[in-house]
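J.: This is the content of structure_10.pdb (PDB, C-alpha atoms):
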```pdb
MODEL        1
ATOM      1  CA  MET A 498       0.000   0.000   0.000
ATOM      2  CA  ARG A 499       2.738   2.414   1.005
ATOM      3  CA  ARG A 500       4.678   1.431  -2.072
ATOM      4  CA  LEU A 501       1.710   2.328  -4.249
ATOM      5  CA  ILE A 502       1.717   5.883  -2.942
ATOM      6  CA  LEU A 503       5.265   6.217  -4.231
ATOM      7  CA  LEU A 504       3.894   5.540  -7.707
ATOM      8  CA  LEU A 505       1.512   8.490  -7.479
ATOM      9  CA  PRO A 506       3.901  11.101  -8.932
ATOM     10  CA  LEU A 507       4.594   8.818 -11.883
ATOM     11  CA  VAL A 508       0.879   8.363 -12.512
ATOM     12  CA  LEU A 509       0.312  12.119 -12.320
ATOM     13  CA  PHE A 510       3.209  12.735 -14.662
ATOM     14  CA  LEU A 511       1.875  10.236 -17.192
ATOM     15  CA  GLY A 512      -1.555  11.853 -17.059
ATOM     16  CA  VAL A 513      -0.134  15.295 -17.736
ATOM     17  CA  ALA A 514       2.139  13.891 -20.438
ATOM     18  CA  VAL A 515      -0.792  12.343 -22.291
ATOM     19  CA  PHE A 516      -2.655  15.672 -22.232
ATOM     20  CA  LEU A 517       0.342  17.624 -23.446
ATOM     21  CA  TYR A 518       1.172  15.073 -26.124
ATOM     22  CA  ARG A 519      -2.346  15.319 -27.509
ATOM     23  CA  GLY A 520      -2.052  19.086 -27.378
ATOM     24  CA  LEU A 521       0.917  18.928 -29.742
ATOM     25  CA  PHE A 522      -1.316  17.714 -32.533
ATOM     26  CA  MET A 523      -4.276  19.986 -31.972
ATOM     27  CA  ASP A 524      -4.805  22.962 -34.208
ATOM     28  CA  PRO A 525      -5.903  25.833 -32.000
ATOM     29  CA  SER A 526      -6.987  27.894 -34.997
ATOM     30  CA  GLU A 527      -9.681  25.349 -35.803
ATOM     31  CA  LEU A 528     -12.764  26.315 -33.894
ATOM     32  CA  PRO A 529     -15.692  24.006 -33.465
ATOM     33  CA  SER A 530     -18.616  25.609 -35.240
ATOM     34  CA  ALA A 531     -21.614  26.576 -33.161
ATOM     35  CA  LEU A 532     -23.823  25.946 -36.191
ATOM     36  CA  ILE A 533     -23.433  22.218 -36.663
ATOM     37  CA  ASP A 534     -26.851  20.551 -37.012
ATOM     38  CA  LYS A 535     -28.554  23.926 -37.237
ATOM     39  CA  PRO A 536     -30.428  25.139 -40.314
ATOM     40  CA  PHE A 537     -28.571  27.376 -42.726
ATOM     41  CA  PRO A 538     -29.227  30.951 -41.557
ATOM     42  CA  ALA A 539     -31.912  32.921 -43.343
ATOM     43  CA  PHE A 540     -30.701  35.572 -45.747
ATOM     44  CA  SER A 541     -31.878  37.704 -48.604
ATOM     45  CA  LEU A 542     -28.971  38.925 -50.669
ATOM     46  CA  PRO A 543     -28.247  39.715 -54.309
ATOM     47  CA  ALA A 544     -26.528  37.243 -56.577
ATOM     48  CA  VAL A 545     -22.995  38.086 -57.634
ATOM     49  CA  GLU A 546     -24.035  37.869 -61.269
ATOM     50  CA  GLY A 547     -27.458  38.913 -62.530
ATOM     51  CA  ASP A 548     -30.226  40.791 -60.747
ATOM     52  CA  ARG A 549     -31.655  37.926 -58.743
ATOM     53  CA  THR A 550     -32.197  38.125 -55.042
ATOM     54  CA  LEU A 551     -31.246  34.882 -53.355
ATOM     55  CA  THR A 552     -32.620  33.464 -50.130
ATOM     56  CA  GLN A 553     -31.874  30.352 -48.122
ATOM     57  CA  ARG A 554     -34.648  28.570 -50.055
ATOM     58  CA  ASP A 555     -32.559  28.748 -53.203
ATOM     59  CA  ILE A 556     -29.837  26.522 -51.795
ATOM     60  CA  ILE A 557     -32.017  23.937 -50.078
ATOM     61  CA  GLY A 558     -32.975  20.686 -51.778
ATOM     62  CA  GLN A 559     -29.736  18.882 -52.462
ATOM     63  CA  PRO A 560     -26.647  18.173 -50.348
ATOM     64  CA  ALA A 561     -24.100  20.804 -51.237
ATOM     65  CA  LEU A 562     -20.956  22.655 -50.307
ATOM     66  CA  VAL A 563     -21.305  26.283 -49.346
ATOM     67  CA  ASN A 564     -17.952  27.905 -49.933
ATOM     68  CA  VAL A 565     -17.121  31.288 -48.410
ATOM     69  CA  TRP A 566     -14.646  33.054 -50.652
ATOM     70  CA  ALA A 567     -13.336  36.460 -51.660
ATOM     71  CA  THR A 568     -10.923  37.888 -54.186
ATOM     72  CA  TRP A 569      -8.832  39.437 -51.398
ATOM     73  CA  CYS A 570      -8.342  35.987 -49.922
ATOM     74  CA  VAL A 571      -5.049  34.598 -51.147
ATOM     75  CA  ALA A 572      -5.783  31.066 -50.032
ATOM     76  CA  CYS A 573      -9.046  31.086 -52.003
ATOM     77  CA  ARG A 574      -7.009  31.334 -55.169
ATOM     78  CA  VAL A 575      -5.217  28.136 -54.235
ATOM     79  CA  GLU A 576      -8.510  26.460 -53.518
ATOM     80  CA  HIS A 577     -10.297  27.600 -56.648
ATOM     81  CA  PRO A 578      -8.936  25.014 -59.126
ATOM     82  CA  VAL A 579      -9.922  22.239 -56.717
ATOM     83  CA  LEU A 580     -13.452  23.583 -56.558
ATOM     84  CA  ASN A 581     -13.519  23.700 -60.347
ATOM     85  CA  LYS A 582     -12.598  20.041 -60.474
ATOM     86  CA  LEU A 583     -15.204  19.112 -57.900
ATOM     87  CA  ALA A 584     -17.897  21.012 -59.764
ATOM     88  CA  GLU A 585     -16.924  19.177 -62.927
ATOM     89  CA  ALA A 586     -17.254  15.896 -61.056
ATOM     90  CA  GLY A 587     -20.822  16.845 -60.188
ATOM     91  CA  VAL A 588     -20.463  18.210 -56.676
ATOM     92  CA  ARG A 589     -22.977  20.955 -55.988
ATOM     93  CA  ILE A 590     -21.212  24.082 -54.745
ATOM     94  CA  TYR A 591     -22.733  27.378 -53.696
ATOM     95  CA  GLY A 592     -20.587  30.446 -53.163
ATOM     96  CA  VAL A 593     -20.763  33.169 -50.589
ATOM     97  CA  ASN A 594     -18.729  36.083 -51.873
ATOM     98  CA  TYR A 595     -17.700  37.465 -48.516
ATOM     99  CA  LYS A 596     -17.051  41.200 -48.070
ATOM    100  CA  ASP A 597     -15.841  41.601 -51.587
ATOM    101  CA  ASP A 598     -16.051  44.062 -54.420
ATOM    102  CA  ASN A 599     -18.572  42.900 -57.007
ATOM    103  CA  ALA A 600     -16.544  43.888 -60.073
ATOM    104  CA  SER A 601     -13.457  42.020 -58.849
ATOM    105  CA  ALA A 602     -15.588  39.003 -58.026
ATOM    106  CA  ARG A 603     -17.077  38.901 -61.527
ATOM    107  CA  LYS A 604     -13.655  39.312 -63.053
ATOM    108  CA  TRP A 605     -12.306  36.468 -60.914
ATOM    109  CA  LEU A 606     -15.125  34.146 -61.959
ATOM    110  CA  ALA A 607     -14.650  35.024 -65.622
ATOM    111  CA  GLU A 608     -10.899  34.489 -65.408
ATOM    112  CA  PHE A 609     -10.650  31.376 -63.269
ATOM    113  CA  HIS A 610     -13.895  29.622 -64.248
ATOM    114  CA  ASP A 611     -17.032  29.537 -62.133
ATOM    115  CA  PRO A 612     -17.638  26.355 -60.141
ATOM    116  CA  TYR A 613     -20.631  27.766 -58.259
ATOM    117  CA  GLN A 614     -24.255  26.881 -58.931
ATOM    118  CA  LEU A 615     -25.250  30.138 -57.280
ATOM    119  CA  ASN A 616     -23.126  32.862 -55.838
ATOM    120  CA  ILE A 617     -24.407  34.991 -52.981
ATOM    121  CA  GLU A 618     -23.031  38.487 -52.722
ATOM    122  CA  ASP A 619     -22.453  39.175 -49.048
ATOM    123  CA  ALA A 620     -20.826  42.571 -49.452
ATOM    124  CA  ARG A 621     -21.266  43.663 -45.839
ATOM    125  CA  GLY A 622     -20.542  40.306 -44.294
ATOM    126  CA  SER A 623     -23.928  39.918 -42.632
ATOM    127  CA  LEU A 624     -24.427  36.353 -43.803
ATOM    128  CA  GLY A 625     -20.810  35.639 -42.918
ATOM    129  CA  LEU A 626     -21.506  36.829 -39.407
ATOM    130  CA  ASP A 627     -24.586  34.627 -39.130
ATOM    131  CA  LEU A 628     -22.468  31.723 -40.320
ATOM    132  CA  GLY A 629     -19.766  32.450 -37.778
ATOM    133  CA  VAL A 630     -17.198  33.024 -40.499
ATOM    134  CA  TYR A 631     -13.902  34.344 -39.161
ATOM    135  CA  GLY A 632     -11.712  34.025 -42.189
ATOM    136  CA  ALA A 633     -11.902  32.812 -45.732
ATOM    137  CA  PRO A 634     -11.962  30.242 -47.158
ATOM    138  CA  GLU A 635     -14.488  28.362 -45.086
ATOM    139  CA  THR A 636     -16.718  25.619 -46.403
ATOM    140  CA  PHE A 637     -19.960  24.296 -44.996
ATOM    141  CA  LEU A 638     -21.577  21.013 -45.906
ATOM    142  CA  ILE A 639     -25.340  21.202 -45.940
ATOM    143  CA  ASP A 640     -27.719  18.308 -46.324
ATOM    144  CA  LYS A 641     -30.826  18.142 -48.510
ATOM    145  CA  ASP A 642     -32.881  19.964 -45.855
ATOM    146  CA  GLY A 643     -30.401  22.806 -45.625
ATOM    147  CA  ILE A 644     -29.052  21.723 -42.245
ATOM    148  CA  ILE A 645     -25.373  22.527 -41.713
ATOM    149  CA  ARG A 646     -23.701  19.202 -41.035
ATOM    150  CA  HIS A 647     -19.999  19.990 -41.175
ATOM    151  CA  LYS A 648     -17.704  22.936 -41.410
ATOM    152  CA  PHE A 649     -14.211  23.058 -42.771
ATOM    153  CA  VAL A 650     -11.942  26.047 -42.216
ATOM    154  CA  GLY A 651      -9.063  26.483 -44.616
ATOM    155  CA  VAL A 652      -8.101  25.502 -48.111
ATOM    156  CA  ILE A 653      -9.731  22.421 -49.559
ATOM    157  CA  ASP A 654      -7.008  20.644 -51.474
ATOM    158  CA  GLU A 655      -7.167  17.254 -53.116
ATOM    159  CA  ARG A 656      -6.058  15.460 -49.990
ATOM    160  CA  VAL A 657      -8.509  17.217 -47.682
ATOM    161  CA  TRP A 658     -11.284  16.411 -50.100
ATOM    162  CA  ARG A 659     -10.327  12.796 -50.535
ATOM    163  CA  GLU A 660      -9.686  12.008 -46.897
ATOM    164  CA  LYS A 661     -12.058  14.287 -45.062
ATOM    165  CA  LEU A 662     -14.831  15.881 -47.033
ATOM    166  CA  ALA A 663     -15.609  13.391 -49.795
ATOM    167  CA  PRO A 664     -16.827  10.690 -47.373
ATOM    168  CA  LEU A 665     -18.944  13.241 -45.503
ATOM    169  CA  TYR A 666     -20.418  14.575 -48.720
ATOM    170  CA  GLN A 667     -21.079  11.072 -49.993
ATOM    171  CA  ALA A 668     -22.895  10.231 -46.765
ATOM    172  CA  LEU A 669     -25.178  13.216 -47.283
ATOM    173  CA  VAL A 670     -25.832  12.156 -50.875
ATOM    174  CA  ASP A 671     -26.610   8.628 -49.686
ATOM    175  CA  GLU A 672     -29.185  10.044 -47.289
ATOM    176  CA  VAL A 673     -31.151  11.295 -50.270
ATOM    177  CA  THR A 674     -31.136   8.008 -52.192
ATOM    178  CA  PRO A 675     -30.860   5.190 -49.706
TER     179      PRO A 675
ATOM    180  CA  MET B 375      18.388  59.424 -13.267
ATOM    181  CA  LYS B 376      17.999  60.752 -16.771
ATOM    182  CA  ARG B 377      17.952  57.220 -18.076
ATOM    183  CA  PHE B 378      15.308  56.194 -15.624
ATOM    184  CA  ALA B 379      13.124  59.133 -16.619
ATOM    185  CA  ALA B 380      13.513  58.252 -20.273
ATOM    186  CA  ALA B 381      12.565  54.627 -19.624
ATOM    187  CA  LEU B 382       9.576  55.742 -17.612
ATOM    188  CA  LEU B 383       8.414  58.042 -20.394
ATOM    189  CA  LEU B 384       8.857  55.284 -22.957
ATOM    190  CA  GLY B 385       6.888  52.884 -20.781
ATOM    191  CA  LEU B 386       4.082  55.378 -20.358
ATOM    192  CA  ALA B 387       4.008  56.010 -24.083
ATOM    193  CA  ALA B 388       3.745  52.263 -24.767
ATOM    194  CA  LEU B 389       0.902  52.052 -22.268
ATOM    195  CA  GLY B 390      -0.940  54.732 -24.185
ATOM    196  CA  VAL B 391      -0.500  52.865 -27.460
ATOM    197  CA  ALA B 392      -1.700  49.568 -26.028
ATOM    198  CA  HIS B 393      -4.995  51.122 -25.070
ATOM    199  CA  ALA B 394      -5.575  52.995 -28.291
ATOM    200  CA  ALA B 395      -8.431  50.989 -29.759
ATOM    201  CA  ILE B 396      -9.877  53.144 -32.495
ATOM    202  CA  ASP B 397     -13.404  53.868 -31.439
ATOM    203  CA  THR B 398     -15.481  56.266 -33.420
ATOM    204  CA  PHE B 399     -18.731  55.147 -31.843
ATOM    205  CA  GLU B 400     -20.920  57.715 -30.155
ATOM    206  CA  PHE B 401     -22.724  56.600 -27.042
ATOM    207  CA  ALA B 402     -25.921  57.972 -25.588
ATOM    208  CA  SER B 403     -24.592  57.749 -22.066
ATOM    209  CA  GLU B 404     -21.428  57.060 -20.125
ATOM    210  CA  ALA B 405     -23.033  53.874 -18.768
ATOM    211  CA  ASP B 406     -23.438  52.559 -22.322
ATOM    212  CA  ARG B 407     -19.814  53.336 -23.068
ATOM    213  CA  GLN B 408     -18.791  51.372 -19.995
ATOM    214  CA  ARG B 409     -20.978  48.432 -21.000
ATOM    215  CA  TYR B 410     -19.457  48.499 -24.468
ATOM    216  CA  ARG B 411     -15.912  48.554 -23.054
ATOM    217  CA  THR B 412     -16.633  45.649 -20.738
ATOM    218  CA  LEU B 413     -18.223  43.602 -23.505
ATOM    219  CA  VAL B 414     -15.490  44.084 -26.091
ATOM    220  CA  GLU B 415     -12.860  43.320 -23.493
ATOM    221  CA  GLU B 416     -14.542  40.078 -22.474
ATOM    222  CA  LEU B 417     -15.172  38.872 -26.011
ATOM    223  CA  ARG B 418     -12.424  37.010 -27.756
ATOM    224  CA  CYS B 419     -11.486  37.531 -31.362
ATOM    225  CA  PRO B 420     -12.160  34.276 -33.262
ATOM    226  CA  LYS B 421      -9.418  34.918 -35.789
ATOM    227  CA  CYS B 422      -6.564  36.078 -33.623
ATOM    228  CA  GLN B 423      -6.974  33.585 -30.790
ATOM    229  CA  ASN B 424      -5.285  35.380 -27.942
ATOM    230  CA  GLN B 425      -6.724  38.849 -28.177
ATOM    231  CA  ASN B 426     -10.028  40.300 -27.195
ATOM    232  CA  ILE B 427     -11.988  42.111 -29.862
ATOM    233  CA  ALA B 428     -11.173  45.452 -28.249
ATOM    234  CA  ASP B 429      -7.457  45.135 -28.960
ATOM    235  CA  SER B 430      -7.507  43.342 -32.272
ATOM    236  CA  ASP B 431      -7.178  45.004 -35.643
ATOM    237  CA  ALA B 432      -8.443  41.961 -37.530
ATOM    238  CA  PRO B 433     -11.385  42.762 -39.828
ATOM    239  CA  ILE B 434     -13.546  40.245 -38.000
ATOM    240  CA  ALA B 435     -12.868  41.981 -34.683
ATOM    241  CA  MET B 436     -13.910  45.301 -36.213
ATOM    242  CA  ASP B 437     -17.116  43.676 -37.475
ATOM    243  CA  LEU B 438     -17.843  42.215 -34.078
ATOM    244  CA  ARG B 439     -17.216  45.543 -32.359
ATOM    245  CA  ALA B 440     -19.639  47.169 -34.773
ATOM    246  CA  GLN B 441     -22.185  44.423 -34.030
ATOM    247  CA  VAL B 442     -21.816  44.886 -30.281
ATOM    248  CA  TYR B 443     -22.277  48.615 -30.723
ATOM    249  CA  ALA B 444     -25.327  48.203 -32.975
ATOM    250  CA  LYS B 445     -26.952  45.791 -30.517
ATOM    251  CA  LEU B 446     -26.252  48.136 -27.627
ATOM    252  CA  GLU B 447     -27.901  50.966 -29.515
ATOM    253  CA  GLU B 448     -30.902  48.727 -30.183
ATOM    254  CA  GLY B 449     -31.251  48.461 -26.440
ATOM    255  CA  GLN B 450     -30.308  44.797 -26.089
ATOM    256  CA  SER B 451     -29.028  43.519 -22.783
ATOM    257  CA  ASP B 452     -25.470  42.256 -22.266
ATOM    258  CA  ALA B 453     -26.773  38.692 -22.046
ATOM    259  CA  GLN B 454     -28.629  39.033 -25.348
ATOM    260  CA  ILE B 455     -25.533  40.372 -27.090
ATOM    261  CA  ILE B 456     -23.368  37.593 -25.713
ATOM    262  CA  ASP B 457     -25.950  34.970 -26.700
ATOM    263  CA  TYR B 458     -26.045  36.418 -30.202
ATOM    264  CA  LEU B 459     -22.303  35.974 -30.615
ATOM    265  CA  VAL B 460     -22.095  32.598 -28.891
ATOM    266  CA  SER B 461     -24.823  31.193 -31.150
ATOM    267  CA  ARG B 462     -22.602  32.057 -34.123
ATOM    268  CA  TYR B 463     -19.059  31.609 -32.893
ATOM    269  CA  GLY B 464     -19.515  29.226 -29.998
ATOM    270  CA  ASP B 465     -18.123  29.462 -26.476
ATOM    271  CA  PHE B 466     -14.768  30.246 -28.008
ATOM    272  CA  VAL B 467     -15.628  33.958 -28.146
ATOM    273  CA  LEU B 468     -15.984  34.110 -24.381
ATOM    274  CA  TYR B 469     -12.966  34.815 -22.249
ATOM    275  CA  LYS B 470     -15.179  33.813 -19.350
ATOM    276  CA  PRO B 471     -16.490  30.403 -20.393
ATOM    277  CA  PRO B 472     -19.777  29.303 -18.817
ATOM    278  CA  VAL B 473     -19.700  26.547 -16.208
ATOM    279  CA  THR B 474     -20.805  23.392 -18.016
ATOM    280  CA  ALA B 475     -19.935  19.719 -17.689
ATOM    281  CA  ARG B 476     -17.119  20.276 -20.189
ATOM    282  CA  THR B 477     -15.593  23.220 -18.356
ATOM    283  CA  LEU B 478     -15.943  21.898 -14.795
ATOM    284  CA  LEU B 479     -12.303  20.834 -14.705
ATOM    285  CA  LEU B 480     -11.239  24.215 -16.028
ATOM    286  CA  TRP B 481     -13.209  26.105 -13.413
ATOM    287  CA  TYR B 482     -12.676  23.940 -10.360
ATOM    288  CA  GLY B 483      -9.530  21.952 -11.249
ATOM    289  CA  PRO B 484      -7.056  24.463  -9.800
ATOM    290  CA  GLY B 485      -9.104  24.849  -6.610
ATOM    291  CA  ALA B 486      -9.349  21.087  -6.226
ATOM    292  CA  LEU B 487      -5.590  20.726  -6.719
ATOM    293  CA  LEU B 488      -4.888  23.416  -4.135
ATOM    294  CA  LEU B 489      -7.258  21.770  -1.676
ATOM    295  CA  GLY B 490      -5.636  18.407  -2.348
ATOM    296  CA  GLY B 491      -2.242  19.968  -1.672
ATOM    297  CA  PHE B 492      -3.388  21.354   1.665
ATOM    298  CA  VAL B 493      -4.900  18.011   2.675
ATOM    299  CA  LEU B 494      -1.639  16.273   1.791
ATOM    300  CA  LEU B 495       0.349  18.850   3.733
ATOM    301  CA  GLY B 496      -1.940  18.419   6.730
ATOM    302  CA  VAL B 497      -1.566  14.645   6.644
ATOM    303  CA  ILE B 498       2.215  14.884   6.472
ATOM    304  CA  VAL B 499       2.424  17.395   9.310
ATOM    305  CA  LEU B 500       0.100  15.365  11.525
ATOM    306  CA  ARG B 501       2.022  12.199  10.862
ATOM    307  CA  ARG B 502       5.370  13.783  11.691
ATOM    308  CA  ARG B 503       3.979  15.235  14.863
ATOM    309  CA  ARG B 504       2.669  11.874  15.966
ATOM    310  CA  ALA B 505       5.955  10.179  15.122
ATOM    311  CA  ARG B 506       7.818  12.748  17.220
ATOM    312  CA  GLY B 507       5.489  12.125  20.182
ATOM    313  CA  GLU B 508       6.340   8.438  20.236
ATOM    314  CA  VAL B 509      10.100   8.834  20.411
ATOM    315  CA  ASP B 510      11.346  10.081  23.798
ATOM    316  CA  VAL B 511      13.471  13.110  23.186
ATOM    317  CA  GLY B 512      13.299  14.487  26.715
ATOM    318  CA  LEU B 513      16.241  14.692  29.128
ATOM    319  CA  SER B 514      16.582  12.676  32.283
ATOM    320  CA  GLN B 515      16.328  14.463  35.634
ATOM    321  CA  ASP B 516      20.128  14.509  36.026
ATOM    322  CA  GLU B 517      20.606  15.987  32.642
ATOM    323  CA  GLN B 518      17.909  18.602  33.307
ATOM    324  CA  ASP B 519      19.689  19.694  36.488
ATOM    325  CA  ARG B 520      22.987  19.907  34.722
ATOM    326  CA  LEU B 521      21.518  21.952  31.918
ATOM    327  CA  ALA B 522      19.935  24.353  34.418
ATOM    328  CA  SER B 523      23.202  24.875  36.249
ATOM    329  CA  LEU B 524      25.040  25.452  33.000
ATOM    330  CA  LEU B 525      22.506  28.010  31.839
ATOM    331  CA  ASN B 526      22.187  29.864  35.153
ATOM    332  CA  PRO B 527      25.508  29.709  36.876
ATOM    333  CA  THR B 528      25.060  30.766  40.534
ATOM    334  CA  PRO B 529      27.872  32.675  42.293
ATOM    335  CA  SER B 530      28.605  29.646  44.493
ATOM    336  CA  ASP B 531      29.485  27.667  41.398
ATOM    337  CA  LYS B 532      32.117  30.167  40.372
ATOM    338  CA  LYS B 533      35.588  29.012  41.123
ATOM    339  CA  ASP B 534      38.104  31.742  40.796
TER     340      ASP B 534
ENDMDL
END
```
Any chance you could give the structure as structure tokens?
T.:
Amino acid sequence: MRRLILLLPLVLFLGVAVFLYRGLFMDPSELPSALIDKPFPAFSLPAVEGDRTLTQRDIIGQPALVNVWATWCVACRVEHPVLNKLAEAGVRIYGVNYKDDNASARKWLAEFHDPYQLNIEDARGSLGLDLGVYGAPETFLIDKDGIIRHKFVGVIDERVWREKLAPLYQALVDEVTP
Amino acid sequence: MKRFAAALLLGLAALGVAHAAIDTFEFASEADRQRYRTLVEELRCPKCQNQNIADSDAPIAMDLRAQVYAKLEEGQSDAQIIDYLVSRYGDFVLYKPPVTARTLLLWYGPGALLLGGFVLLGVIVLRRRRARGEVDVGLSQDEQDRLASLLNPTPSDKKD
């Protein structure tokens, strides 16, 4: 019994070590979203191209990616070709043009190809705020009922898509056609 | 002395800079200004991690400050404003996290550790005291007498 007490510091040390070791591999800049399993926030905003006014009803119906992007966002440029590829492969992607200048956004889409089914112009960042966006690019996965199921902060590259998002997206698609 | 004065001035200047959040908001009353200050100092910037939104220059912090101001002007209570932000950004935006099952350890862990330390200390002290009581460390009567005579030499003991 007395011997066991001598082991206590070792046990404590191991406990702390496990915590700290796990901490090494955590990304503190990745925040859990408060919006998971909540409906996509209501909005009424102009489309980037054309005179349409878009609302949340326009993006509900099919599982989709909602990608928050901007021309001032350097990382979005890196992500763009990947989105193009995904769109070509049949993935439904909606864009939220976050706090951007409309002319630059149109130019960007004309220059780099437009992977978005619809593009919401959120010039003042109000939708971004409702979505809890704190930097671009951010991508939400919504299901067929417009419920936000996952959020990914950062650049979607081929690996992220393959290993992380593709299975999640596929699961949402499978929900529609079981 | 001159050097010290210069350092002091420099320090004071730096202090001024650190508090220079650019606020162009107009408040109806001093109480509202105070509420605004308290709120922006307790809310954490989601982008910059270790700054409150009062000190951060990140665009998102500016947006959040503007939101806090707008909500204050609308006459919302502090709790409503905080709820509004938490429902979008999660508990992360709070420098004072609420007490929930997940944050129990955070809130009460240090206190529990301190208490545990005191209990341990008490146990050790008590044990030592008991151990000392068992061993006879007193002097015999002869030794006591000798000690007394050594400490208080009487004139009769003096041998010149």
J.: When you look at range 445-455 of chain B with a cut-off of 12 Å (counting all atoms listed in the file), what residues show up, excluding the ones that are within fewer than 5 positions of it in the same chain? I need them as a ChimeraX atom specification.
T.: /B:399-403,405-414,416-417,438-440,460-462,467-468
J.: Pull the neighbourhood of (-21.2, 37.9, -48.5) for me: all residues within 12 Å in file coordinates, counting only C-alpha atoms, as a ChimeraX atom specification.
T.: /A:540-545,551,563-568,591-599,602,616-628,630,633
J.: Which of these, B:Gln425, B:Thr477, B:Leu488, B:Ile434, has the shortest distance to Asp465 in chain B once you count all atoms listed in the file?
T.: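 Checking each of B:Gln425, B:Thr477, B:Leu488, B:Ile434 against Asp465 in chain B, counting all atoms listed in the file, the winner is B:Thr477.
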J.: Within 9 Å of (-14.2, 21.0, -40.8), all atoms listed in the file: residues as number ranges by chain?
T.: A: 527-530, 635-638, 647-651, 661-662
J.: Which residues of chain A sit at most 6 Å from chain B, using all atoms listed in the file? Give each one's shortest atom pair and distance in Å (one decimal place), in chain and ascending residue order, as CSV.
T.:
```
residue,atom,partner,partner_atom,distance
A:Ala531,CA,B:Gly464,CA,4.6
A:Asp627,CA,B:Arg462,CA,6.0
A:Gly629,CA,B:Arg462,CA,4.6
A:Tyr631,CA,B:Lys421,CA,5.6
```
J.: Record the distance separating CA of Gly558 in chain A and CA of Ile639 in chain A, expressed in Å with one decimal.
T.: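 Rounded to one decimal, the two atoms are 9.6 Å apart.
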J.: Out of A:His577, A:Arg659, A:Lys582, A:Arg646, which residue has the shortest atom-to-atom distance to Pro634 in chain A when counting only C-alpha atoms?
T.: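 Smallest distance to Pro634 in chain A is found for A:His577.
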J.: Please measure the separation of CA of Asn526 in chain B and CA of Arg506 in chain B, giving the value in Å to one decimal.
T.: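 It comes out at 28.7 Å.
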J.: Find the smallest box with edges along x, y and z containing every listed atom of range 461-470 of chain B, then add 8 Å on each side and report centre and edge lengths in Å to one decimal, as lines of an AutoDock Vina configuration file.
T.:
```
center_x = -18.9
center_y = 32.0
center_z = -26.7
size_x = 27.9
size_y = 21.6
size_z = 30.8
```
J.: Between A:Ile645, A:Leu615, A:Leu509, A:Ile653, which is the closest to Leu532 in chain A once you count all atoms listed in the file?
T.: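 Once distances to Leu532 in chain A are computed over all atoms listed in the file, the minimum belongs to A:Ile645.
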J.: Tell me which residues the PyMOL selection byres ((chain A and resi 581) around 9) grabs here, as a list in words.
T.: Glu576, His577, Pro578, Val579, Leu580, Lys582, Leu583, Ala584, Glu585, Ala586, Phe609, His610, Asp611, Pro612 and Tyr613 of chain A
J.: Work out how far CA of Val442 in chain B is from CA of Ile533 in chain A, in Å to one decimal.
T.: 23.6 Å
J.: For range 524-532 of chain A, supply N, CA, C and O atoms and report the output as a PDB file, in the coordinates of the input.
T.:
```
ATOM      1  N   ASP A 524      -4.936  21.686 -33.534  1.00  0.00           N
ATOM      2  CA  ASP A 524      -4.805  22.962 -34.208  1.00  0.00           C
ATOM      3  C   ASP A 524      -5.698  23.978 -33.507  1.00  0.00           C
ATOM      4  O   ASP A 524      -6.913  23.910 -33.593  1.00  0.00           O
ATOM      5  N   PRO A 525      -5.076  24.911 -32.768  1.00  0.00           N
ATOM      6  CA  PRO A 525      -5.903  25.833 -32.000  1.00  0.00           C
ATOM      7  C   PRO A 525      -6.684  26.809 -32.879  1.00  0.00           C
ATOM      8  O   PRO A 525      -7.626  27.430 -32.429  1.00  0.00           O
ATOM      9  N   SER A 526      -6.282  26.938 -34.143  1.00  0.00           N
ATOM     10  CA  SER A 526      -6.987  27.894 -34.997  1.00  0.00           C
ATOM     11  C   SER A 526      -8.260  27.279 -35.567  1.00  0.00           C
ATOM     12  O   SER A 526      -9.029  27.929 -36.259  1.00  0.00           O
ATOM     13  N   GLU A 527      -8.465  25.986 -35.306  1.00  0.00           N
ATOM     14  CA  GLU A 527      -9.681  25.349 -35.803  1.00  0.00           C
ATOM     15  C   GLU A 527     -10.750  25.379 -34.718  1.00  0.00           C
ATOM     16  O   GLU A 527     -10.649  24.665 -33.723  1.00  0.00           O
ATOM     17  N   LEU A 528     -11.725  26.214 -34.909  1.00  0.00           N
ATOM     18  CA  LEU A 528     -12.764  26.315 -33.894  1.00  0.00           C
ATOM     19  C   LEU A 528     -13.910  25.376 -34.218  1.00  0.00           C
ATOM     20  O   LEU A 528     -14.263  25.217 -35.372  1.00  0.00           O
ATOM     21  N   PRO A 529     -14.484  24.773 -33.194  1.00  0.00           N
ATOM     22  CA  PRO A 529     -15.692  24.006 -33.465  1.00  0.00           C
ATOM     23  C   PRO A 529     -16.802  24.988 -33.832  1.00  0.00           C
ATOM     24  O   PRO A 529     -16.924  26.038 -33.210  1.00  0.00           O
ATOM     25  N   SER A 530     -17.568  24.681 -34.845  1.00  0.00           N
ATOM     26  CA  SER A 530     -18.616  25.609 -35.240  1.00  0.00           C
ATOM     27  C   SER A 530     -19.814  25.462 -34.328  1.00  0.00           C
ATOM     28  O   SER A 530     -20.182  24.367 -33.923  1.00  0.00           O
ATOM     29  N   ALA A 531     -20.420  26.597 -34.013  1.00  0.00           N
ATOM     30  CA  ALA A 531     -21.614  26.576 -33.161  1.00  0.00           C
ATOM     31  C   ALA A 531     -22.839  26.218 -33.982  1.00  0.00           C
ATOM     32  O   ALA A 531     -23.921  26.074 -33.446  1.00  0.00           O
ATOM     33  N   LEU A 532     -22.658  26.074 -35.314  1.00  0.00           N
ATOM     34  CA  LEU A 532     -23.823  25.946 -36.191  1.00  0.00           C
ATOM     35  C   LEU A 532     -24.088  24.524 -36.669  1.00  0.00           C
ATOM     36  O   LEU A 532     -25.010  24.285 -37.440  1.00  0.00           O
TER      37      LEU A 532
END
```
